[in-house]
Amino acid sequence: MNDLSISNNANATTPSKPSSGHPRSLSSAPKFSLPGSQQTDVYAEARSQVKRYLKDNISGLQTIAEHSNQSTQQFVTRQAESIAEFIDELVQCAKSGLDEAELENKLKRIIAVQLKRRSLTEQHSGKADAEMFNGAVRFLKWLCPGSDSTFSTTNEKHIYPCFVELINFVAELVVRPPLDQQPTSFDEYPKQLVRSYNKTDVKPDNAEGGHRVDMALKCDALNYNNTSDDDGYDKDSFQFSEEDLKAKDGRNDERPNYSRIFAVIEVKPNSSDANMLKGFSQLVEYSKNVYWKQHNRRFIWGLISGGSNVKACVLGPNFLLASRFMDVTTVEGRLELIGFLVNWSFCELPKLGYDPTIRFNHNHECFTIDMADSSKPGPTQTKYYLRKIVVVAERVFGRHTRCFVVGEQPPSLDGDCDTSADILIKDAWPEVSGSAEDDMRDESKLLERVSKGLAGRSEFEGLYPKYINGGRMQIQNAHGESVDETTQTVLGKTVWAQLGNLPLRAHMRIAMSGVGEPLKFIKSIPELIVVIYDVMRCHMGILKHCQILHRDISEANILVRRDGTGVHGMLIDFDHAVDITDDGYAKHAERTGTLPFMSVSNLENLQPMRTALDDWESIIYILCWLGTFGWNRAIRQSDTKRRKNIASWDGDDVEDIAEAKLKSARKPTDIFFRNKYIHRSVMLKVVAAVPGMVGGLIRHIKSLQGMRHDGGWIGHLLHEAESERMHLMTWMEVSKPVLWERALIATVQTGSLRYFRCSHRVVGYLEEEAVTSYTHFIGEIDAGRIENVKAPEIAVAYWNFDPESTLCDVVLAVRADEALHCDTNHHFSDRIRAKRESLFEDMDTNNNKPHIKY
């Protein structure tokens with residue numbers, strides 16, 4: 001994430017559009033689209049995310065929006081029931097079979113009588129009886145199928161006005177409680193009015209792209225006392241975005257606007273699986289714009305209608321939850337849907353998905369952000385004044401990282417303020433383990449340790465962000481107690497219990513000093529070299545003095561900082577950082593990081609622990625990435641076809657990415673060796689001959705120590721090692737390498753030991769490339785460009801060749817061996833991943849598909 005990056009526009013408050021520039025992190029989405037790529041299915045990724053995150057048919061989803069005060073919630077429930085009874089009476093009338101004139105008169109009487117039994121709350125004039133009647137006539141067509149021959153429940157455009165009128169009819173009744181159910185306390189007044197925009201099937205005013213939203217809901221603040229308190233904050237009111245506040249007088253309340261949308265609604269002709277999948281996918285796609293525009297959104301509500309069946313949805317950092325179908329043609333279905341609408345109007349802001357700690361202060365005309373400060377009692381004791389929004393949450397799933405440049409003092413009303421002491425706040429929802437006290441991977445704790453561990457070491461000054469305060473945010477539960485704000489506390493016990501092993505995420509907010517710019521502001525290659533050098537120097541300093549391994553070296557986590565001494569690099573984002581052991585290994589071995597820059601062993605998620613070498617490998621991939629596409633995306637070349645191997649590093653399948661990274665290594669070897677196929681083969685054998693012998697030896701020792709069978713691996717590994725060694729000896733006889741080539745061989749062989757941890761998959765990919773190279777080798781011999789000399793004696797003896805055999809015979813034999821080694825190593829890697837290592841067990845019993853696709 002660009003946790004500390006700043007905008008190049010000093011007056012900007014938000015980026016001009018959702019940036020999809022940064023490669024996708026493993027815990028986050030959407031996928032980065034390379035310049036020039038053609039996106040044939042705009043919902044393909046959203047559909048993939050739906051299949052991954054959707055938890056359907058969740059019971060009790062409405063409890064997320066229930067008021068935290070039990071007595072108030074009982075009042076809200078009675079209000080919803082009274083509204084449902086009113087609408088049920090209208091439905092029964094519409095089904096009575098009366099002629100048109102009689103039906104109209106009876107509906108008007110019912111509405112008039114019911115409205116007389118209700119009293120408008122303060123500051124509301126209310127709709128006239130005629131308006132209420134016209135709205136009821138429209139939505140009754142939907143609730144009573146067959147009552148109007150011109151209406152079709154399978155036509156989306158027919159449903160739009162009906163759904164709009166039903167929602168707004170309920171909203172009107174929310175501010176008209178029955179005379180015998182009047183509010184007796186401030187909590188029993190609705191806090192906001194949830195209504196539908198009148199414009200349907202339109203592109204929202206500030207949308208990026210051409211997507212049209214079927215319907216959308218908005219929240220209108222309801223204030224029953226003074227509009228603001230003594231400190232300048234709205235009392236119990238809905239918090240608009242800053243953009244909306246600046247243009248509040250000129251906004252169009254009829255047309256959806258992503259700065260104000262509370263929930264998106266998708267309408268489908270029926271509730272088939274295909275239609276619901278499409279609806280969920282569209283909901284995910286459109287919700288990205290809501291996160292991008294509304295910087296105080298914690299989660300997002302939504303509705304999907306498939307004909308007369310409606311589902312309520314909640315979209316959060318790592319979940320997409322959907323309720324059971326609510327059939328609006330039934331009493332039960334209508335009551336449940338009305339329950340959602342009424343609860344949304346009465347519940348507190350956090351229940352709607354908004355962050356109450358980000359508020360607009362009218363006195364200073366700016367937003368303030370409350371911070372948790374571990375040095376003081378209480379959950380939110382430090383207040384900062386927003387100066388600039390530099391990173392927005394543009395993804396539906398992931399950490400939802402946002403970054404704000406803030407100050408400790410409010411800016412003056414003329415916009416002139418001191419920026420010398422700017423502080424950056426990082427707001428995110430990372431995965432956590434247990435309570436804050438027990439979570440050793442808490443970024444705030446790790447950053448605090450880094451700040452203390454490198455304090456006084458001038459060589460690292462300015463190369464890392466310095467911790468000021470922060471940690472997990474807290475909210476109040478139903479008992480008034482402060483608890484950590486996590487996905488579990490947000491969703492509540494009823495819903496959380498149905499989600500199985502869903503990873504826990506917590507709301508983290510950290511204040512730090514030190515602000516830099518993204519890599520796109522680098523001006524030259526020498527500056528890039530200096531930045532990378534500084535970052536890795538800082539990385540090793542943190543490793544040495546703080547015993548912390550970063551584990552997410554990526555393009556987005558390297559910033560550029562300029563001061564009076566020149567340009568410097570800065571390493572940020574310790575979301576994935578962990579402690580290391582005395583031997584330099586990370587204490588956690590899970591796959592983590594940003595996909596295009598993760599090490600191969602990290603992508604393969606192999607058992608051995610991560611080390612600093614994984615992060616150094618990431619630096620190599622960053623340089624390859626920047627060297628291919630450039631560091632400034634504004635000038636990046638659009639031709640990605642010639643670079644398809646590196647472009648595929650940002651794919652979805654980790655094994656495909658690992659394969660693409662290794663195959664990308666073919667380009668420099670092609671440039672270096674050109675048509676020197678024998679020298680290329682020597683270098684390949686130097687690497688491929690190591691894993692079999694080392695692996696066989698280790699398994700041999702473990703088998704002896706454990707006094708148990710090794711599963712049949714040792715013989716295969718040692719045979720492969722011997723085969724590769726003989727290949728090397730054969731090519732050495734043919735090529736007769738000179739001294740510098742032997743030195744290069746020794747260097748590469750030493751480096752290949754680093755890859756033993758991911759050896760089987762790596763060797764499998766290398767052997768695939770070897771088969772290709774040997775095929776080209778044979779073509780060169782057949783074309784006469786390489787002399788088909790007599791086979792060396794060592795090859796004749798090893799393969800039992802005819803004494804008159806030639807070099808072509810040797811290449812054919814070696815290629816056959818490599819094809820076998822390729823399949824064998826991929827099979828070994830598949831078995832390790834499936835945890836069925838014994839060669840005497842059938843892989844298919846667990847429905848494990850082989851890696852090789854022939």
# chains A, B, ... in the order shown; residues from 1 in each chain; ligands from 1
call {"tool": "residues_around", "arguments": {"residues": "range 393-396 of chain A", "least_positions_apart": "3", "cutoff": "10 Å", "atoms": "only C-alpha atoms", "output": "mmCIF file with N, CA, C and O atoms, in the first residue's frame"}}
result
data_model
loop_
_atom_site.group_PDB
_atom_site.id
_atom_site.type_symbol
_atom_site.label_atom_id
_atom_site.label_comp_id
_atom_site.auth_asym_id
_atom_site.auth_seq_id
_atom_site.Cartn_x
_atom_site.Cartn_y
_atom_site.Cartn_z
ATOM 1 N N LYS A 17 -9.224 9.858 -9.662
ATOM 2 C CA LYS A 17 -10.011 8.688 -10.015
ATOM 3 C C LYS A 17 -9.480 7.491 -9.261
ATOM 4 O O LYS A 17 -8.392 7.534 -8.721
ATOM 5 N N PRO A 18 -10.217 6.376 -9.178
ATOM 6 C CA PRO A 18 -9.708 5.217 -8.467
ATOM 7 C C PRO A 18 -8.468 4.721 -9.171
ATOM 8 O O PRO A 18 -8.499 4.413 -10.348
ATOM 9 N N SER A 19 -7.377 4.658 -8.423
ATOM 10 C CA SER A 19 -6.128 4.193 -9.030
ATOM 11 C C SER A 19 -6.060 2.692 -8.995
ATOM 12 O O SER A 19 -6.128 2.079 -7.953
ATOM 13 N N SER A 20 -5.947 2.069 -10.146
ATOM 14 C CA SER A 20 -5.751 0.634 -10.205
ATOM 15 C C SER A 20 -4.305 0.342 -10.523
ATOM 16 O O SER A 20 -3.948 -0.706 -10.997
ATOM 17 N N SER A 28 -5.747 -8.382 -0.947
ATOM 18 C CA SER A 28 -6.565 -7.370 -1.444
ATOM 19 C C SER A 28 -6.811 -7.494 -2.913
ATOM 20 O O SER A 28 -6.046 -8.094 -3.634
ATOM 21 N N ALA A 29 -7.948 -6.665 -3.417
ATOM 22 C CA ALA A 29 -8.319 -6.675 -4.781
ATOM 23 C C ALA A 29 -8.867 -5.360 -5.174
ATOM 24 O O ALA A 29 -9.201 -4.596 -4.326
ATOM 25 N N PRO A 30 -8.944 -4.916 -6.455
ATOM 26 C CA PRO A 30 -8.968 -5.707 -7.663
ATOM 27 C C PRO A 30 -7.610 -5.829 -8.323
ATOM 28 O O PRO A 30 -6.670 -5.148 -7.973
ATOM 29 N N LYS A 31 -7.554 -6.659 -9.323
ATOM 30 C CA LYS A 31 -6.315 -6.890 -10.033
ATOM 31 C C LYS A 31 -5.899 -5.656 -10.807
ATOM 32 O O LYS A 31 -6.698 -4.970 -11.392
ATOM 33 N N ALA A 46 -14.909 -9.364 -10.451
ATOM 34 C CA ALA A 46 -15.931 -9.266 -9.404
ATOM 35 C C ALA A 46 -16.628 -10.606 -9.216
ATOM 36 O O ALA A 46 -16.921 -11.022 -8.091
ATOM 37 N N GLN A 49 -14.462 -12.795 -7.211
ATOM 38 C CA GLN A 49 -14.477 -12.406 -5.805
ATOM 39 C C GLN A 49 -15.764 -12.856 -5.122
ATOM 40 O O GLN A 49 -15.745 -13.236 -3.952
ATOM 41 N N LEU A 283 -22.937 -5.654 -7.761
ATOM 42 C CA LEU A 283 -22.920 -5.004 -6.446
ATOM 43 C C LEU A 283 -21.479 -4.775 -5.991
ATOM 44 O O LEU A 283 -21.136 -3.704 -5.476
ATOM 45 N N VAL A 284 -20.632 -5.773 -6.175
ATOM 46 C CA VAL A 284 -19.222 -5.650 -5.807
ATOM 47 C C VAL A 284 -18.540 -4.566 -6.642
ATOM 48 O O VAL A 284 -17.804 -3.727 -6.114
ATOM 49 N N GLU A 285 -18.792 -4.587 -7.945
ATOM 50 C CA GLU A 285 -18.141 -3.629 -8.842
ATOM 51 C C GLU A 285 -18.528 -2.190 -8.494
ATOM 52 O O GLU A 285 -17.675 -1.302 -8.443
ATOM 53 N N TYR A 286 -19.798 -1.938 -8.232
ATOM 54 C CA TYR A 286 -20.255 -0.577 -7.951
ATOM 55 C C TYR A 286 -19.835 -0.117 -6.551
ATOM 56 O O TYR A 286 -19.623 1.080 -6.326
ATOM 57 N N SER A 287 -19.721 -1.064 -5.630
ATOM 58 C CA SER A 287 -19.352 -0.694 -4.265
ATOM 59 C C SER A 287 -17.925 -0.172 -4.176
ATOM 60 O O SER A 287 -17.583 0.543 -3.227
ATOM 61 N N LYS A 288 -17.083 -0.515 -5.151
ATOM 62 C CA LYS A 288 -15.722 0.020 -5.174
ATOM 63 C C LYS A 288 -15.752 1.541 -5.216
ATOM 64 O O LYS A 288 -14.944 2.213 -4.569
ATOM 65 N N ASN A 289 -16.695 2.091 -5.990
ATOM 66 C CA ASN A 289 -16.797 3.548 -6.099
ATOM 67 C C ASN A 289 -17.276 4.170 -4.793
ATOM 68 O O ASN A 289 -16.913 5.302 -4.467
ATOM 69 N N VAL A 290 -18.099 3.448 -4.051
ATOM 70 C CA VAL A 290 -18.562 3.957 -2.755
ATOM 71 C C VAL A 290 -17.382 4.082 -1.801
ATOM 72 O O VAL A 290 -17.202 5.104 -1.123
ATOM 73 N N TYR A 291 -16.538 3.041 -1.735
ATOM 74 C CA TYR A 291 -15.356 3.098 -0.876
ATOM 75 C C TYR A 291 -14.413 4.216 -1.319
ATOM 76 O O TYR A 291 -13.799 4.901 -0.496
ATOM 77 N N TRP A 292 -14.282 4.380 -2.627
ATOM 78 C CA TRP A 292 -13.368 5.387 -3.151
ATOM 79 C C TRP A 292 -13.810 6.796 -2.771
ATOM 80 O O TRP A 292 -13.001 7.650 -2.414
ATOM 81 N N LYS A 293 -15.120 7.047 -2.810
ATOM 82 C CA LYS A 293 -15.629 8.388 -2.562
ATOM 83 C C LYS A 293 -15.889 8.693 -1.090
ATOM 84 O O LYS A 293 -15.864 9.848 -0.675
ATOM 85 N N GLN A 294 -16.188 7.668 -0.308
ATOM 86 C CA GLN A 294 -16.572 7.897 1.090
ATOM 87 C C GLN A 294 -15.472 7.347 2.000
ATOM 88 O O GLN A 294 -15.358 6.139 2.202
ATOM 89 N N HIS A 295 -14.702 8.248 2.557
ATOM 90 C CA HIS A 295 -13.511 7.849 3.307
ATOM 91 C C HIS A 295 -13.820 7.416 4.733
ATOM 92 O O HIS A 295 -12.910 7.025 5.468
ATOM 93 N N ASN A 296 -15.076 7.504 5.113
ATOM 94 C CA ASN A 296 -15.460 7.055 6.459
ATOM 95 C C ASN A 296 -16.340 5.807 6.405
ATOM 96 O O ASN A 296 -17.069 5.508 7.348
ATOM 97 N N ARG A 297 -16.273 5.053 5.303
ATOM 98 C CA ARG A 297 -17.077 3.829 5.203
ATOM 99 C C ARG A 297 -16.296 2.644 5.744
ATOM 100 O O ARG A 297 -15.151 2.397 5.364
ATOM 101 N N PHE A 299 -18.126 -0.570 6.137
ATOM 102 C CA PHE A 299 -18.706 -1.626 5.315
ATOM 103 C C PHE A 299 -19.886 -1.039 4.565
ATOM 104 O O PHE A 299 -20.301 0.097 4.827
ATOM 105 N N ILE A 300 -20.428 -1.785 3.606
ATOM 106 C CA ILE A 300 -21.466 -1.264 2.727
ATOM 107 C C ILE A 300 -22.652 -2.221 2.701
ATOM 108 O O ILE A 300 -22.471 -3.436 2.605
ATOM 109 N N LEU A 315 -21.191 -5.908 2.534
ATOM 110 C CA LEU A 315 -19.871 -6.083 1.936
ATOM 111 C C LEU A 315 -18.835 -5.462 2.849
ATOM 112 O O LEU A 315 -18.898 -4.263 3.163
ATOM 113 N N GLY A 316 -17.867 -6.279 3.308
ATOM 114 C CA GLY A 316 -16.834 -5.808 4.214
ATOM 115 C C GLY A 316 -15.453 -6.215 3.760
ATOM 116 O O GLY A 316 -15.269 -6.704 2.639
ATOM 117 N N PRO A 317 -14.444 -6.055 4.626
ATOM 118 C CA PRO A 317 -13.052 -6.308 4.236
ATOM 119 C C PRO A 317 -12.802 -7.705 3.685
ATOM 120 O O PRO A 317 -12.028 -7.871 2.753
ATOM 121 N N ASN A 318 -13.428 -8.716 4.247
ATOM 122 C CA ASN A 318 -13.205 -10.090 3.756
ATOM 123 C C ASN A 318 -14.492 -10.906 3.767
ATOM 124 O O ASN A 318 -14.468 -12.101 4.003
ATOM 125 N N PHE A 319 -15.608 -10.247 3.502
ATOM 126 C CA PHE A 319 -16.871 -10.985 3.469
ATOM 127 C C PHE A 319 -17.883 -10.290 2.564
ATOM 128 O O PHE A 319 -17.875 -9.074 2.401
ATOM 129 N N LEU A 320 -18.711 -11.111 1.967
ATOM 130 C CA LEU A 320 -19.915 -10.679 1.247
ATOM 131 C C LEU A 320 -21.033 -11.556 1.778
ATOM 132 O O LEU A 320 -21.118 -12.734 1.448
ATOM 133 N N ARG A 399 -7.591 -4.871 2.882
ATOM 134 C CA ARG A 399 -7.316 -4.140 4.115
ATOM 135 C C ARG A 399 -7.983 -2.763 4.173
ATOM 136 O O ARG A 399 -7.972 -2.120 5.216
ATOM 137 N N HIS A 400 -8.525 -2.308 3.040
ATOM 138 C CA HIS A 400 -9.181 -0.989 2.993
ATOM 139 C C HIS A 400 -8.254 0.106 3.498
ATOM 140 O O HIS A 400 -8.669 0.998 4.268
ATOM 141 N N THR A 401 -7.011 0.076 3.092
ATOM 142 C CA THR A 401 -6.036 1.051 3.576
ATOM 143 C C THR A 401 -6.355 2.444 3.050
ATOM 144 O O THR A 401 -6.552 2.649 1.859
ATOM 145 N N ARG A 402 -6.409 3.380 3.981
ATOM 146 C CA ARG A 402 -6.543 4.803 3.648
ATOM 147 C C ARG A 402 -5.419 5.550 4.354
ATOM 148 O O ARG A 402 -5.015 5.172 5.449
ATOM 149 N N CYS A 403 -4.945 6.626 3.735
ATOM 150 C CA CYS A 403 -3.903 7.433 4.352
ATOM 151 C C CYS A 403 -4.298 8.895 4.317
ATOM 152 O O CYS A 403 -4.738 9.410 3.285
ATOM 153 N N ASP A 427 -5.011 4.142 8.068
ATOM 154 C CA ASP A 427 -6.233 3.522 8.567
ATOM 155 C C ASP A 427 -6.469 2.248 7.741
ATOM 156 O O ASP A 427 -6.550 2.317 6.510
ATOM 157 N N ALA A 428 -6.549 1.098 8.384
ATOM 158 C CA ALA A 428 -6.660 -0.160 7.633
ATOM 159 C C ALA A 428 -7.342 -1.230 8.472
ATOM 160 O O ALA A 428 -7.534 -1.072 9.681
#
call {"tool": "residues_around", "arguments": {"residues": "range 782-788 of chain A", "least_positions_apart": "6", "cutoff": "7 Å", "atoms": "only C-alpha atoms", "output": "MDAnalysis selection string"}}
result
chainID A and resid 806:808
call {"tool": "closest_residue", "arguments": {"among": "A:Thr594, A:Gln476, A:Thr150, A:Ser272", "to": "Gly306 in chain A", "atoms": "only C-alpha atoms"}}
result
A:Ser272
call {"tool": "closest_residue", "arguments": {"among": "A:Ile619, A:Ile542, A:Ile369, A:Ile83", "to": "Gly470 in chain A", "atoms": "only C-alpha atoms"}}
result
A:Ile369
call {"tool": "atom_distance", "arguments": {"atom1": "CA of Val560 in chain A", "atom2": "CA of Ser444 in chain A"}}
result
22.2 Å
call {"tool": "closest_residue", "arguments": {"among": "A:Glu431, A:Val391, A:Leu718, A:Phe340", "to": "Ala556 in chain A", "atoms": "only C-alpha atoms"}}
result
A:Val391
call {"tool": "atom_distance", "arguments": {"atom1": "CA of Gly480 in chain A", "atom2": "CA of Ile64 in chain A"}}
result
16.7 Å
call {"tool": "residues_around", "arguments": {"residues": "Asp575 in chain A", "least_positions_apart": "3", "cutoff": "8 Å", "atoms": "only C-alpha atoms", "output": "short mmCIF file (atom, residue, chain, number, x, y, z; two decimals) with N, CA, C and O atoms, in the first residue's frame"}}
result
data_model
loop_
_atom_site.label_atom_id
_atom_site.label_comp_id
_atom_site.auth_asym_id
_atom_site.auth_seq_id
_atom_site.Cartn_x
_atom_site.Cartn_y
_atom_site.Cartn_z
N PRO A 430 -6.36 -4.91 8.79
CA PRO A 430 -5.53 -6.10 8.55
C PRO A 430 -6.05 -7.32 9.30
O PRO A 430 -6.84 -7.19 10.25
N ARG A 441 1.81 -9.59 15.77
CA ARG A 441 1.97 -9.06 14.43
C ARG A 441 1.23 -7.75 14.26
O ARG A 441 0.97 -7.31 13.15
N ASP A 442 0.90 -7.12 15.38
CA ASP A 442 0.25 -5.82 15.38
C ASP A 442 1.21 -4.80 14.75
O ASP A 442 2.31 -4.57 15.25
N GLU A 443 0.80 -4.17 13.65
CA GLU A 443 1.70 -3.25 12.94
C GLU A 443 2.12 -2.09 13.82
O GLU A 443 3.26 -1.62 13.74
#
call {"tool": "closest_atom_pairs", "arguments": {"of": "range 458-525 of chain A", "to": "range 352-364 of chain A", "cutoff": "10 Å", "atoms": "only C-alpha atoms", "output": "CSV"}}
result
residue,atom,partner,partner_atom,distance
A:Met473,CA,A:Thr357,CA,9.4
A:Ile475,CA,A:Pro356,CA,9.6
A:Val490,CA,A:Gly353,CA,8.9
call {"tool": "write_last_selection", "arguments": {"atoms": "C-alpha atoms", "output": "PDB file, in the first residue's frame"}}
result
ATOM      1  CA  MET A 473      -9.740   1.248  17.231  1.00  0.00           C
ATOM      2  CA  ILE A 475     -16.263   0.785  19.752  1.00  0.00           C
ATOM      3  CA  VAL A 490     -19.132  -5.372  13.719  1.00  0.00           C
TER       4      VAL A 490
END
call {"tool": "atom_distance", "arguments": {"atom1": "CA of Pro190 in chain A", "atom2": "CA of Asn343 in chain A"}}
result
9.0 Å
call {"tool": "residues_around", "arguments": {"residues": "Glu722 in chain A", "least_positions_apart": "6", "cutoff": "12 Å", "atoms": "only C-alpha atoms", "output": "PyMOL selection string"}}
result
chain A and resi 685+688-694+696+715-716+728-729+798+817+821
call {"tool": "select_by_dssp", "arguments": {"residues": "range 182-353 of chain A", "states": "strand (DSSP E)", "output": "PyMOL selection string"}}
result
chain A and resi 192-196+215-221+261-268+300-306+309-316+319-323+326-327
call {"tool": "closest_residue", "arguments": {"among": "A:Lys55, A:Ala322, A:Ser68, A:Ile525", "to": "Thr489 in chain A", "atoms": "only C-alpha atoms"}}
result
A:Ser68
call {"tool": "select_by_dssp", "arguments": {"residues": "range 94-308 of chain A", "states": "helix (DSSP H, G or I)", "output": "number ranges by chain"}}
result
A: 94, 100-116, 129-143, 156-174, 179-181, 186-188, 242-246, 273-293
call {"tool": "residues_around", "arguments": {"residues": "Ile622 in chain A", "least_positions_apart": "6", "cutoff": "9 Å", "atoms": "only C-alpha atoms", "output": "ChimeraX atom specification"}}
result
/A:553-555,596-597
call {"tool": "closest_residue", "arguments": {"among": "A:Gly712, A:Pro178, A:Asn270, A:His760", "to": "Ile832 in chain A", "atoms": "only C-alpha atoms"}}
result
A:His760
call {"tool": "closest_residue", "arguments": {"among": "A:Leu143, A:Val328, A:Met276, A:Leu321", "to": "Ile304 in chain A", "atoms": "only C-alpha atoms"}}
result
A:Met276
call {"tool": "residues_around", "arguments": {"residues": "Glu804 in chain A", "least_positions_apart": "3", "cutoff": "9 Å", "atoms": "only C-alpha atoms", "output": "ChimeraX atom specification"}}
result
/A:790-791,796,801
